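Okay, data-v7.tsv now, which holds TSV, C-alpha atoms and all ligand atoms:
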chain	number	residue	atom	x	y	z
A	919	MET	CA	-13.75	-5.32	9.41
A	920	ASN	CA	-13.28	-3.79	5.95
A	921	LEU	CA	-10.50	-1.22	5.93
A	922	ILE	CA	-8.59	1.02	3.56
A	923	PHE	CA	-5.05	2.03	4.40
A	924	LEU	CA	-4.12	5.40	2.87
A	925	GLY	CA	-0.83	7.21	3.12
A	926	PRO	CA	2.19	8.18	1.05
A	927	PRO	CA	4.64	5.55	-0.16
A	928	GLY	CA	7.00	4.68	2.68
A	929	ALA	CA	4.56	5.68	5.44
A	930	GLY	CA	4.64	2.12	6.80
A	931	LYS	CA	1.32	0.79	5.45
A	932	GLY	CA	2.79	-2.58	4.43
A	933	THR	CA	4.61	-3.08	7.72
A	934	GLN	CA	1.70	-2.01	9.94
A	935	SER	CA	-0.71	-4.12	7.89
A	936	GLU	CA	1.02	-7.24	9.22
A	937	GLY	CA	0.00	-6.38	12.81
A	938	ILE	CA	-3.53	-5.34	11.89
A	939	CYS	CA	-4.15	-8.55	9.92
A	940	ARG	CA	-2.73	-10.65	12.78
A	941	ASP	CA	-4.84	-8.93	15.48
A	942	TYR	CA	-8.09	-8.28	13.59
A	943	GLY	CA	-8.21	-11.24	11.20
A	944	THR	CA	-8.33	-9.09	8.08
A	945	ILE	CA	-6.74	-10.18	4.80
A	946	GLN	CA	-4.25	-7.72	3.30
A	947	LEU	CA	-4.78	-6.85	-0.33
A	948	SER	CA	-1.87	-4.82	-1.69
A	949	THR	CA	-2.27	-3.73	-5.31
A	950	GLY	CA	1.49	-3.00	-5.50
A	951	ASP	CA	2.27	-6.60	-4.38
A	952	ILE	CA	-0.23	-8.07	-6.86
A	953	LEU	CA	1.27	-6.03	-9.70
A	954	ARG	CA	4.85	-6.97	-8.73
A	955	GLU	CA	3.84	-10.65	-8.64
A	956	ASN	CA	2.31	-10.29	-12.12
A	957	ARG	CA	5.50	-8.69	-13.41
A	958	LYS	CA	7.58	-11.48	-11.92
A	959	THR	CA	5.50	-14.17	-13.63
A	960	GLY	CA	5.28	-12.14	-16.86
A	961	THR	CA	1.47	-12.01	-17.19
A	962	GLU	CA	-0.23	-9.61	-19.60
A	963	LEU	CA	-1.25	-7.45	-16.63
A	964	GLY	CA	2.36	-7.39	-15.40
A	965	GLN	CA	3.61	-6.34	-18.82
A	966	LYS	CA	1.02	-3.56	-19.08
A	967	ALA	CA	1.92	-2.21	-15.62
A	968	GLU	CA	5.71	-2.43	-15.89
A	969	SER	CA	6.71	0.89	-17.44
A	970	TYR	CA	4.41	2.93	-15.17
A	971	MET	CA	5.79	1.22	-12.07
A	972	ILE	CA	9.44	1.71	-13.03
A	973	ASP	CA	8.82	5.45	-13.49
A	974	GLY	CA	6.85	5.75	-10.25
A	975	GLU	CA	3.68	6.70	-12.16
A	976	LEU	CA	0.25	5.27	-11.47
A	977	VAL	CA	-0.99	2.37	-13.59
A	978	PRO	CA	-4.12	3.56	-15.49
A	979	ASP	CA	-7.36	3.44	-13.49
A	980	GLU	CA	-9.21	1.03	-15.81
A	981	ILE	CA	-6.46	-1.61	-15.45
A	982	ILE	CA	-6.46	-1.30	-11.65
A	983	ILE	CA	-10.26	-1.27	-11.35
A	984	ASP	CA	-10.56	-4.47	-13.45
A	985	MET	CA	-7.88	-6.09	-11.31
A	986	ILE	CA	-9.58	-5.16	-8.02
A	987	LYS	CA	-12.95	-6.44	-9.29
A	988	GLN	CA	-11.30	-9.85	-9.82
A	989	GLU	CA	-9.56	-9.78	-6.44
A	990	MET	CA	-12.71	-8.84	-4.53
A	991	ARG	CA	-14.36	-12.08	-5.69
A	992	LYS	CA	-12.03	-14.15	-3.51
A	993	PRO	CA	-14.12	-15.92	-0.84
A	994	GLU	CA	-11.43	-15.55	1.86
A	995	LEU	CA	-12.07	-11.79	1.90
A	996	ALA	CA	-15.46	-12.41	3.54
A	997	ALA	CA	-13.62	-12.39	6.91
A	998	GLY	CA	-12.69	-8.74	6.32
A	999	TYR	CA	-9.93	-7.04	4.36
A	1000	LEU	CA	-7.35	-4.30	4.51
A	1001	LEU	CA	-6.69	-2.56	1.19
A	1002	ASP	CA	-3.13	-1.29	0.96
A	1003	GLY	CA	-2.34	0.92	-2.04
A	1004	PHE	CA	-5.89	1.08	-3.38
A	1005	PRO	CA	-7.70	3.34	-4.13
A	1006	ARG	CA	-5.11	5.86	-5.28
A	1007	THR	CA	-7.28	8.25	-7.32
A	1008	VAL	CA	-10.79	9.68	-7.00
A	1009	PRO	CA	-12.07	7.66	-10.02
A	1010	GLN	CA	-10.75	4.47	-8.35
A	1011	ALA	CA	-12.52	5.40	-5.09
A	1012	LYS	CA	-15.81	6.06	-6.94
A	1013	ALA	CA	-15.54	2.77	-8.83
A	1014	PHE	CA	-14.85	1.01	-5.52
A	1015	ASP	CA	-17.91	2.59	-3.89
A	1016	ALA	CA	-20.02	1.26	-6.78
A	1017	LEU	CA	-18.46	-2.19	-6.38
A	1018	LEU	CA	-19.13	-2.17	-2.62
A	1019	SER	CA	-22.79	-1.45	-3.15
A	1020	GLN	CA	-23.02	-4.18	-5.81
A	1021	LEU	CA	-21.45	-6.63	-3.35
A	1022	GLY	CA	-23.62	-5.39	-0.46
A	1023	GLN	CA	-20.55	-4.47	1.59
A	1024	LYS	CA	-19.51	-1.39	3.49
A	1025	LEU	CA	-16.25	0.13	4.66
A	1026	ASP	CA	-15.66	0.43	8.39
A	1027	CYS	CA	-12.73	2.82	8.40
A	1028	VAL	CA	-10.12	4.55	6.22
A	1029	LEU	CA	-6.82	4.77	8.11
A	1030	VAL	CA	-4.60	7.62	6.93
A	1031	LEU	CA	-0.96	7.36	7.97
A	1032	ASN	CA	0.79	10.75	7.98
A	1033	VAL	CA	4.58	11.12	7.61
A	1034	PRO	CA	6.46	14.25	6.42
A	1035	ASN	CA	8.10	14.07	2.96
A	1036	GLN	CA	11.68	14.50	4.22
A	1037	GLU	CA	11.39	11.38	6.35
A	1038	LEU	CA	9.70	9.44	3.53
A	1039	VAL	CA	12.64	9.99	1.18
A	1040	ALA	CA	15.06	8.69	3.84
A	1041	ARG	CA	12.84	5.69	4.58
A	1042	LEU	CA	12.21	4.67	0.96
A	1043	THR	CA	15.78	4.97	-0.27
A	1044	SER	CA	16.91	2.73	2.63
A	1045	ARG	CA	14.17	0.16	2.01
A	1046	ARG	CA	15.11	-3.34	0.89
A	1047	THR	CA	12.65	-6.00	-0.27
A	1048	CYS	CA	12.90	-9.79	-0.31
A	1049	ARG	CA	12.96	-11.06	-3.89
A	1050	SER	CA	11.05	-14.22	-3.02
A	1051	CYS	CA	8.44	-13.31	-0.34
A	1052	GLY	CA	8.23	-9.50	-0.67
A	1053	LYS	CA	8.88	-8.75	3.03
A	1054	THR	CA	10.38	-5.30	3.50
A	1055	TYR	CA	13.26	-4.14	5.70
A	1056	HIS	CA	14.83	-0.76	6.39
A	1057	LEU	CA	18.60	-0.48	6.60
A	1058	MET	CA	18.30	1.91	9.55
A	1059	PHE	CA	15.00	1.18	11.36
A	1060	LYS	CA	14.36	-2.50	10.69
A	1061	PRO	CA	17.52	-4.23	9.39
A	1062	PRO	CA	17.53	-7.98	8.63
A	1063	LEU	CA	19.45	-10.25	11.03
A	1064	ALA	CA	22.02	-11.06	8.31
A	1065	GLU	CA	22.94	-8.40	5.76
A	1066	GLY	CA	21.22	-8.82	2.40
A	1067	ILE	CA	19.21	-11.90	3.46
A	1068	CYS	CA	15.52	-12.20	4.37
A	1069	ASP	CA	14.92	-13.36	7.98
A	1070	LEU	CA	11.85	-15.33	6.92
A	1071	ASP	CA	12.96	-17.41	3.95
A	1072	GLY	CA	16.62	-16.59	3.27
A	1073	GLY	CA	15.67	-14.80	0.02
A	1074	GLU	CA	17.93	-12.13	-1.49
A	1075	LEU	CA	17.14	-8.54	-0.43
A	1076	TYR	CA	17.15	-5.97	-3.24
A	1077	GLN	CA	16.32	-2.31	-3.74
A	1078	ARG	CA	13.13	-1.85	-5.77
A	1079	LYS	CA	13.83	0.22	-8.89
A	1080	ASP	CA	11.13	2.63	-7.77
A	1081	ASP	CA	12.89	3.14	-4.41
A	1082	VAL	CA	15.78	5.09	-5.94
A	1083	GLU	CA	15.75	8.77	-4.96
A	1084	GLU	CA	14.65	10.34	-8.26
A	1085	THR	CA	11.69	7.98	-8.59
A	1086	VAL	CA	10.80	8.35	-4.91
A	1087	ILE	CA	10.47	12.12	-5.38
A	1088	ASN	CA	8.17	11.52	-8.36
A	1089	ARG	CA	6.06	9.00	-6.39
A	1090	LEU	CA	5.63	11.54	-3.59
A	1091	SER	CA	4.41	14.20	-6.00
A	1092	VAL	CA	2.02	11.67	-7.60
A	1093	TYR	CA	0.68	10.96	-4.08
A	1094	GLU	CA	0.30	14.68	-3.35
A	1095	ASN	CA	-1.61	15.39	-6.58
A	1096	GLN	CA	-3.64	12.25	-7.17
A	1097	THR	CA	-4.08	10.35	-3.91
A	1098	LYS	CA	-4.22	13.03	-1.20
A	1099	PRO	CA	-7.63	14.29	-2.43
A	1100	LEU	CA	-9.00	10.94	-1.22
A	1101	ILE	CA	-8.54	12.03	2.40
A	1102	ASP	CA	-11.15	14.72	1.82
A	1103	TYR	CA	-13.30	12.24	-0.15
A	1104	TYR	CA	-13.44	9.81	2.80
A	1105	GLN	CA	-13.65	12.58	5.40
A	1106	LYS	CA	-16.93	13.62	3.75
A	1107	GLN	CA	-18.16	10.04	4.23
A	1108	GLY	CA	-17.12	10.23	7.91
A	1109	LEU	CA	-14.69	7.33	7.45
A	1110	ALA	CA	-11.19	8.88	7.50
A	1111	LYS	CA	-9.04	8.65	10.64
A	1112	VAL	CA	-5.69	10.43	10.43
A	1113	ILE	CA	-2.84	8.86	12.42
A	1114	ASP	CA	0.65	10.20	13.07
A	1115	GLY	CA	3.04	7.73	11.38
A	1116	VAL	CA	6.25	9.13	12.90
A	1117	GLY	CA	7.92	7.16	15.67
A	1118	LYS	CA	8.90	3.60	16.52
A	1119	LEU	CA	6.95	0.81	14.81
A	1120	ASP	CA	5.21	-0.26	18.03
A	1121	GLU	CA	4.31	3.35	18.95
A	1122	VAL	CA	2.64	3.87	15.57
A	1123	TYR	CA	0.93	0.49	15.85
A	1124	ALA	CA	-0.48	1.46	19.28
A	1125	ARG	CA	-2.03	4.58	17.69
A	1126	LEU	CA	-3.60	2.49	14.93
A	1127	LYS	CA	-4.92	-0.02	17.43
A	1128	ALA	CA	-6.46	2.71	19.56
A	1129	VAL	CA	-8.46	3.87	16.51
A	1130	LEU	CA	-9.50	0.36	15.47
A	1131	ASP	CA	-10.49	-0.72	19.00
A	1201	LIG	P1	3.15	0.34	-3.95
A	1201	LIG	O1	3.85	-0.92	-3.65
A	1201	LIG	O2	1.78	0.42	-3.35
A	1201	LIG	O3	3.99	1.57	-3.65
A	1201	LIG	O4	2.89	0.35	-5.55
A	1201	LIG	C1	3.97	0.30	-6.46
A	1201	LIG	C2	3.52	0.83	-7.80
A	1201	LIG	O5	2.46	0.03	-8.30
A	1201	LIG	C3	2.98	2.26	-7.81
A	1201	LIG	O6	4.01	3.24	-7.87
A	1201	LIG	C4	2.12	2.23	-9.07
A	1201	LIG	O7	2.92	2.29	-10.24
A	1201	LIG	C5	1.51	0.83	-9.01
A	1201	LIG	N1	0.22	0.82	-8.27
A	1201	LIG	C6	-0.06	0.14	-7.12
A	1201	LIG	N2	-1.33	0.35	-6.73
A	1201	LIG	C7	-1.87	1.19	-7.65
A	1201	LIG	C8	-3.15	1.80	-7.79
A	1201	LIG	N3	-4.15	1.59	-6.90
A	1201	LIG	N4	-3.35	2.61	-8.87
A	1201	LIG	C9	-2.37	2.82	-9.79
A	1201	LIG	N5	-1.15	2.29	-9.69
A	1201	LIG	C10	-0.88	1.48	-8.64
If you convert what's in this file into structure tokens, what do you get?
Amino acid sequence: MNLIFLGPPGAGKGTQSEGICRDYGTIQLSTGDILRENRKTGTELGQKAESYMIDGELVPDEIIIDMIKQEMRKPELAAGYLLDGFPRTVPQAKAFDALLSQLGQKLDCVLVLNVPNQELVARLTSRRTCRSCGKTYHLMFKPPLAEGICDLDGGELYQRKDDVEETVINRLSVYENQTKPLIDYYQKQGLAKVIDGVGKLDEVYARLKAVLD
């Protein structure tokens, strides 16, 4: 299955992706994770993306489109993939459609996770991320077993610079203006499925599963 996961930052795309990839054998491709990894290792791509990411702005389309073209060449994606955080603008979606037809692939579904803004601010400002493996926790909804330490690999948990309140508010308005039009774009292709993202993790997952099954 080839899937796109759309939704505002903090809607739970990263967390719910884990279950989808486990149950449906898809490979998660998160453009945010790839960019963060590039920043950590100091690549040219990471350096180009840094200032946009710190401010909660989108990295320019041409940089992201080049990056996704490289990523889509990976043979392991033949089993199916789940794109998390891409596309984020209409030009990215159009470029991706062109790439899909070049590769002879098609999308099966675009999952849209809906969560009201008020809840997103609370979720994002309480989010903590593992410095070594990138796993995310929430201080209220999904705390780690030991404070400040990743359950998986003992890595240090930190607050992403773009998860501070001022930047979160900017990221939400970027989503509203630049990414939300994609719901309409994929609705016209008959691919968008809107899912209520409010509730316990397993309740939301059950809704996603019902759509995918
Ligand atoms: P995320 O982890 O998906 O919230 O992404 C973190 C940041 O990476 C975003 O705020 C953007 O600065 C950048 N980013 C990730 N994916 C994209 C994309 N598809 N287009 C532009 N910028 C992106």
Using all atoms listed in the file, tabulate the residues of chain A lying at most 7 Å from any atom of ligand LIG 1201 (chain A), each with its closest atom pair and that distance in Å to one decimal, by chain and increasing residue number, as JSON lines.
{"residue": "A:Pro927", "atom": "CA", "partner": "A:LIG1201", "partner_atom": "O3", "distance": 5.3}
{"residue": "A:Ser948", "atom": "CA", "partner": "A:LIG1201", "partner_atom": "O2", "distance": 6.6}
{"residue": "A:Thr949", "atom": "CA", "partner": "A:LIG1201", "partner_atom": "N2", "distance": 4.4}
{"residue": "A:Gly950", "atom": "CA", "partner": "A:LIG1201", "partner_atom": "O4", "distance": 3.6}
{"residue": "A:Asp951", "atom": "CA", "partner": "A:LIG1201", "partner_atom": "O1", "distance": 5.9}
{"residue": "A:Leu953", "atom": "CA", "partner": "A:LIG1201", "partner_atom": "O5", "distance": 6.3}
{"residue": "A:Tyr970", "atom": "CA", "partner": "A:LIG1201", "partner_atom": "O7", "distance": 5.2}
{"residue": "A:Met971", "atom": "CA", "partner": "A:LIG1201", "partner_atom": "O7", "distance": 3.6}
{"residue": "A:Gly974", "atom": "CA", "partner": "A:LIG1201", "partner_atom": "O6", "distance": 4.5}
{"residue": "A:Glu975", "atom": "CA", "partner": "A:LIG1201", "partner_atom": "O7", "distance": 4.9}
{"residue": "A:Leu976", "atom": "CA", "partner": "A:LIG1201", "partner_atom": "N5", "distance": 3.7}
{"residue": "A:Val977", "atom": "CA", "partner": "A:LIG1201", "partner_atom": "N5", "distance": 3.9}
{"residue": "A:Pro978", "atom": "CA", "partner": "A:LIG1201", "partner_atom": "C9", "distance": 6.0}
{"residue": "A:Asp979", "atom": "CA", "partner": "A:LIG1201", "partner_atom": "N4", "distance": 6.2}
{"residue": "A:Ile982", "atom": "CA", "partner": "A:LIG1201", "partner_atom": "N4", "distance": 5.7}
{"residue": "A:Asp1002", "atom": "CA", "partner": "A:LIG1201", "partner_atom": "O2", "distance": 6.8}
{"residue": "A:Gly1003", "atom": "CA", "partner": "A:LIG1201", "partner_atom": "O2", "distance": 4.4}
{"residue": "A:Phe1004", "atom": "CA", "partner": "A:LIG1201", "partner_atom": "N3", "distance": 4.0}
{"residue": "A:Pro1005", "atom": "CA", "partner": "A:LIG1201", "partner_atom": "N3", "distance": 4.8}
{"residue": "A:Arg1006", "atom": "CA", "partner": "A:LIG1201", "partner_atom": "N3", "distance": 4.7}
{"residue": "A:Arg1089", "atom": "CA", "partner": "A:LIG1201", "partner_atom": "O6", "distance": 6.3}
Output the selection as a PDB file, keeping the file's coordinate frame - C-alpha atoms for each residue.
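Heads up, here's the output in part-v4.pdb:
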ATOM      1  CA  PRO A 927       4.640   5.550  -0.160  1.00  0.00           C
ATOM      2  CA  SER A 948      -1.870  -4.820  -1.690  1.00  0.00           C
ATOM      3  CA  THR A 949      -2.270  -3.730  -5.310  1.00  0.00           C
ATOM      4  CA  GLY A 950       1.490  -3.000  -5.500  1.00  0.00           C
ATOM      5  CA  ASP A 951       2.270  -6.600  -4.380  1.00  0.00           C
ATOM      6  CA  LEU A 953       1.270  -6.030  -9.700  1.00  0.00           C
ATOM      7  CA  TYR A 970       4.410   2.930 -15.170  1.00  0.00           C
ATOM      8  CA  MET A 971       5.790   1.220 -12.070  1.00  0.00           C
ATOM      9  CA  GLY A 974       6.850   5.750 -10.250  1.00  0.00           C
ATOM     10  CA  GLU A 975       3.680   6.700 -12.160  1.00  0.00           C
ATOM     11  CA  LEU A 976       0.250   5.270 -11.470  1.00  0.00           C
ATOM     12  CA  VAL A 977      -0.990   2.370 -13.590  1.00  0.00           C
ATOM     13  CA  PRO A 978      -4.120   3.560 -15.490  1.00  0.00           C
ATOM     14  CA  ASP A 979      -7.360   3.440 -13.490  1.00  0.00           C
ATOM     15  CA  ILE A 982      -6.460  -1.300 -11.650  1.00  0.00           C
ATOM     16  CA  ASP A1002      -3.130  -1.290   0.960  1.00  0.00           C
ATOM     17  CA  GLY A1003      -2.340   0.920  -2.040  1.00  0.00           C
ATOM     18  CA  PHE A1004      -5.890   1.080  -3.380  1.00  0.00           C
ATOM     19  CA  PRO A1005      -7.700   3.340  -4.130  1.00  0.00           C
ATOM     20  CA  ARG A1006      -5.110   5.860  -5.280  1.00  0.00           C
ATOM     21  CA  ARG A1089       6.060   9.000  -6.390  1.00  0.00           C
TER      22      ARG A1089
END
Checklist line | Leu1029 (chain A) surroundings by all atoms listed in the file, 8 Å radius, close-in-sequence under 6 positions cut, as number ranges by chain | finding: A: 921-924, 1110-1113, 1126
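Of note, CA of Gly1115 (chain A) and CA of Gly925 (chain A) are spaced 9.1 Å apart.
As for CA of Pro993 (chain A) and CA of Ile945 (chain A), they are spaced 10.9 Å apart.
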Select from region 976-1078 of chain A every residue with an atom at most 12 Å from any atom of region 1117-1123 of chain A, then for each give the shortest pair of atoms and their distance in Å to one decimal, using only C-alpha atoms, rows by chain and rising number, as CSV.
residue,atom,partner,partner_atom,distance
A:Leu1029,CA,A:Tyr1123,CA,11.8
A:Val1030,CA,A:Val1122,CA,11.9
A:Leu1031,CA,A:Val1122,CA,9.1
A:Asn1032,CA,A:Val1122,CA,10.4
A:Val1033,CA,A:Gly1117,CA,9.6
A:Pro1034,CA,A:Gly1117,CA,11.7
A:Glu1037,CA,A:Gly1117,CA,10.8
A:His1056,CA,A:Leu1119,CA,11.6
A:Met1058,CA,A:Lys1118,CA,11.8
A:Phe1059,CA,A:Lys1118,CA,8.3
A:Lys1060,CA,A:Leu1119,CA,9.1
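For the choices A:Asn1035, A:Ser935, A:Ser1019, A:Ser1050, the atom-to-atom distance to Arg954 (chain A) is smallest for A:Ser1050 when using only C-alpha atoms.
If all atoms listed in the file are the atoms counted, then among A:Pro1009, A:Gly1108, A:Gly1066, A:Gly960 the closest residue to Leu1025 (chain A) is A:Gly1108.
In this structure, CA of Leu1000 (chain A) sits 9.4 Å away from CA of Val1028 (chain A).
Minimum atom-to-atom distances from A:Cys1051, A:Leu1109, A:Ala929, A:Val1092 to Leu1130 (chain A) were compared using all atoms listed in the file, and the lowest value belongs to A:Leu1109.
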Item checked: Nearby residues (only C-alpha atoms) at most 12 Å from Lys987 (chain A), same-chain spacing under 2 positions excluded, as a list in words -> Thr949, Glu980, Ile981, Ile982, Ile983, Asp984, Met985, Glu989, Met990, Arg991, Lys992, Phe1004, Gln1010, Ala1013, Phe1014, Asp1015, Ala1016, Leu1017, Leu1018, Gln1020 and Leu1021 of chain A
Could you write those residues out with C-alpha atoms, as a CSV table (one decimal), keeping the file's coordinate frame?
chain,number,residue,atom,x,y,z
A,949,THR,CA,-2.3,-3.7,-5.3
A,980,GLU,CA,-9.2,1.0,-15.8
A,981,ILE,CA,-6.5,-1.6,-15.4
A,982,ILE,CA,-6.5,-1.3,-11.6
A,983,ILE,CA,-10.3,-1.3,-11.4
A,984,ASP,CA,-10.6,-4.5,-13.4
A,985,MET,CA,-7.9,-6.1,-11.3
A,989,GLU,CA,-9.6,-9.8,-6.4
A,990,MET,CA,-12.7,-8.8,-4.5
A,991,ARG,CA,-14.4,-12.1,-5.7
A,992,LYS,CA,-12.0,-14.2,-3.5
A,1004,PHE,CA,-5.9,1.1,-3.4
A,1010,GLN,CA,-10.8,4.5,-8.4
A,1013,ALA,CA,-15.5,2.8,-8.8
A,1014,PHE,CA,-14.8,1.0,-5.5
A,1015,ASP,CA,-17.9,2.6,-3.9
A,1016,ALA,CA,-20.0,1.3,-6.8
A,1017,LEU,CA,-18.5,-2.2,-6.4
A,1018,LEU,CA,-19.1,-2.2,-2.6
A,1020,GLN,CA,-23.0,-4.2,-5.8
A,1021,LEU,CA,-21.4,-6.6,-3.4
Let me know the centre plus edge lengths, in Å and rounded to one decimal, of a box with edges along x, y and z that contains all listed atoms of region 1111-1129 of chain A and is padded by 3 Å on every side, as AutoDock Vina command-line options.
--center_x -0.1 --center_y 5.1 --center_z 15.0 --size_x 23.9 --size_y 16.7 --size_z 15.1
Give me the residues within 8 Å of Tyr999 (chain A) as an mmCIF file with C-alpha atoms, in the coordinates of the input, counting only C-alpha atoms and dropping any in the same chain fewer than 5 places off.
data_model
loop_
_atom_site.group_PDB
_atom_site.id
_atom_site.type_symbol
_atom_site.label_atom_id
_atom_site.label_comp_id
_atom_site.auth_asym_id
_atom_site.auth_seq_id
_atom_site.Cartn_x
_atom_site.Cartn_y
_atom_site.Cartn_z
ATOM 1 C CA MET A 919 -13.750 -5.320 9.410
ATOM 2 C CA ASN A 920 -13.280 -3.790 5.950
ATOM 3 C CA LEU A 921 -10.500 -1.220 5.930
ATOM 4 C CA THR A 944 -8.330 -9.090 8.080
ATOM 5 C CA ILE A 945 -6.740 -10.180 4.800
ATOM 6 C CA GLN A 946 -4.250 -7.720 3.300
ATOM 7 C CA LEU A 947 -4.780 -6.850 -0.330
#
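Comparing A:Leu1001, A:Leu1090, A:Ala967, A:Ile952 by their smallest distance to Cys939 (chain A), the closest is A:Leu1001 (using only C-alpha atoms).
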Which residues, protein or nucleic acid, reach to within 9 Å of (19.3, -8.7, -3.6) in the file's coordinates when using only C-alpha atoms, and can you give that as a PDB file with C-alpha atoms, keeping the file's coordinate frame?
ATOM      1  CA  ARG A1046      15.110  -3.340   0.890  1.00  0.00           C
ATOM      2  CA  THR A1047      12.650  -6.000  -0.270  1.00  0.00           C
ATOM      3  CA  CYS A1048      12.900  -9.790  -0.310  1.00  0.00           C
ATOM      4  CA  ARG A1049      12.960 -11.060  -3.890  1.00  0.00           C
ATOM      5  CA  GLY A1066      21.220  -8.820   2.400  1.00  0.00           C
ATOM      6  CA  ILE A1067      19.210 -11.900   3.460  1.00  0.00           C
ATOM      7  CA  GLY A1073      15.670 -14.800   0.020  1.00  0.00           C
ATOM      8  CA  GLU A1074      17.930 -12.130  -1.490  1.00  0.00           C
ATOM      9  CA  LEU A1075      17.140  -8.540  -0.430  1.00  0.00           C
ATOM     10  CA  TYR A1076      17.150  -5.970  -3.240  1.00  0.00           C
ATOM     11  CA  GLN A1077      16.320  -2.310  -3.740  1.00  0.00           C
TER      12      GLN A1077
END
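Minimum atom-to-atom distances from A:Leu1100, A:Leu1057, A:Ile986, A:Leu1042 to Lys1079 (chain A) were compared using all atoms listed in the file, and the lowest value belongs to A:Leu1042.
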Can you put all heavy atoms back into region 1103-1108 of chain A and show it as an mmCIF file, in the frame of the given file?
data_model
loop_
_atom_site.group_PDB
_atom_site.id
_atom_site.type_symbol
_atom_site.label_atom_id
_atom_site.label_comp_id
_atom_site.auth_asym_id
_atom_site.auth_seq_id
_atom_site.Cartn_x
_atom_site.Cartn_y
_atom_site.Cartn_z
ATOM 1 N N TYR A 1103 -12.209 13.080 0.366
ATOM 2 C CA TYR A 1103 -13.300 12.240 -0.150
ATOM 3 C C TYR A 1103 -13.863 11.351 0.970
ATOM 4 O O TYR A 1103 -15.078 11.256 1.164
ATOM 5 C CB TYR A 1103 -12.746 11.394 -1.304
ATOM 6 C CG TYR A 1103 -13.722 10.448 -1.958
ATOM 7 C CD1 TYR A 1103 -14.497 10.858 -3.049
ATOM 8 C CD2 TYR A 1103 -13.863 9.131 -1.517
ATOM 9 C CE1 TYR A 1103 -15.380 9.987 -3.669
ATOM 10 C CE2 TYR A 1103 -14.743 8.256 -2.126
ATOM 11 C CZ TYR A 1103 -15.491 8.686 -3.200
ATOM 12 O OH TYR A 1103 -16.374 7.822 -3.810
ATOM 13 N N TYR A 1104 -12.967 10.706 1.738
ATOM 14 C CA TYR A 1104 -13.440 9.810 2.800
ATOM 15 C C TYR A 1104 -13.796 10.561 4.080
ATOM 16 O O TYR A 1104 -14.566 10.049 4.882
ATOM 17 C CB TYR A 1104 -12.402 8.703 3.057
ATOM 18 C CG TYR A 1104 -12.392 7.676 1.946
ATOM 19 C CD1 TYR A 1104 -11.272 7.488 1.147
ATOM 20 C CD2 TYR A 1104 -13.519 6.904 1.683
ATOM 21 C CE1 TYR A 1104 -11.272 6.550 0.114
ATOM 22 C CE2 TYR A 1104 -13.527 5.970 0.648
ATOM 23 C CZ TYR A 1104 -12.398 5.805 -0.127
ATOM 24 O OH TYR A 1104 -12.422 4.884 -1.146
ATOM 25 N N GLN A 1105 -13.237 11.784 4.242
ATOM 26 C CA GLN A 1105 -13.650 12.580 5.400
ATOM 27 C C GLN A 1105 -15.128 12.955 5.246
ATOM 28 O O GLN A 1105 -15.894 12.919 6.204
ATOM 29 C CB GLN A 1105 -12.787 13.842 5.526
ATOM 30 C CG GLN A 1105 -11.949 13.832 6.808
ATOM 31 C CD GLN A 1105 -10.634 14.584 6.662
ATOM 32 O OE1 GLN A 1105 -10.386 15.257 5.663
ATOM 33 N NE2 GLN A 1105 -9.784 14.472 7.678
ATOM 34 N N LYS A 1106 -15.519 13.262 4.007
ATOM 35 C CA LYS A 1106 -16.930 13.620 3.750
ATOM 36 C C LYS A 1106 -17.858 12.434 4.036
ATOM 37 O O LYS A 1106 -19.032 12.635 4.343
ATOM 38 C CB LYS A 1106 -17.084 14.088 2.300
ATOM 39 C CG LYS A 1106 -16.495 15.474 2.104
ATOM 40 C CD LYS A 1106 -16.868 16.078 0.767
ATOM 41 C CE LYS A 1106 -16.310 17.492 0.676
ATOM 42 N NZ LYS A 1106 -15.517 17.705 -0.545
ATOM 43 N N GLN A 1107 -17.339 11.220 3.908
ATOM 44 C CA GLN A 1107 -18.160 10.040 4.230
ATOM 45 C C GLN A 1107 -18.055 9.671 5.708
ATOM 46 O O GLN A 1107 -18.615 8.669 6.150
ATOM 47 C CB GLN A 1107 -17.705 8.835 3.398
ATOM 48 C CG GLN A 1107 -17.920 8.988 1.904
ATOM 49 C CD GLN A 1107 -17.630 7.677 1.151
ATOM 50 O OE1 GLN A 1107 -17.559 6.591 1.716
ATOM 51 N NE2 GLN A 1107 -17.452 7.790 -0.149
ATOM 52 N N GLY A 1108 -17.283 10.483 6.468
ATOM 53 C CA GLY A 1108 -17.120 10.230 7.910
ATOM 54 C C GLY A 1108 -16.280 9.007 8.220
ATOM 55 O O GLY A 1108 -16.383 8.437 9.308
#
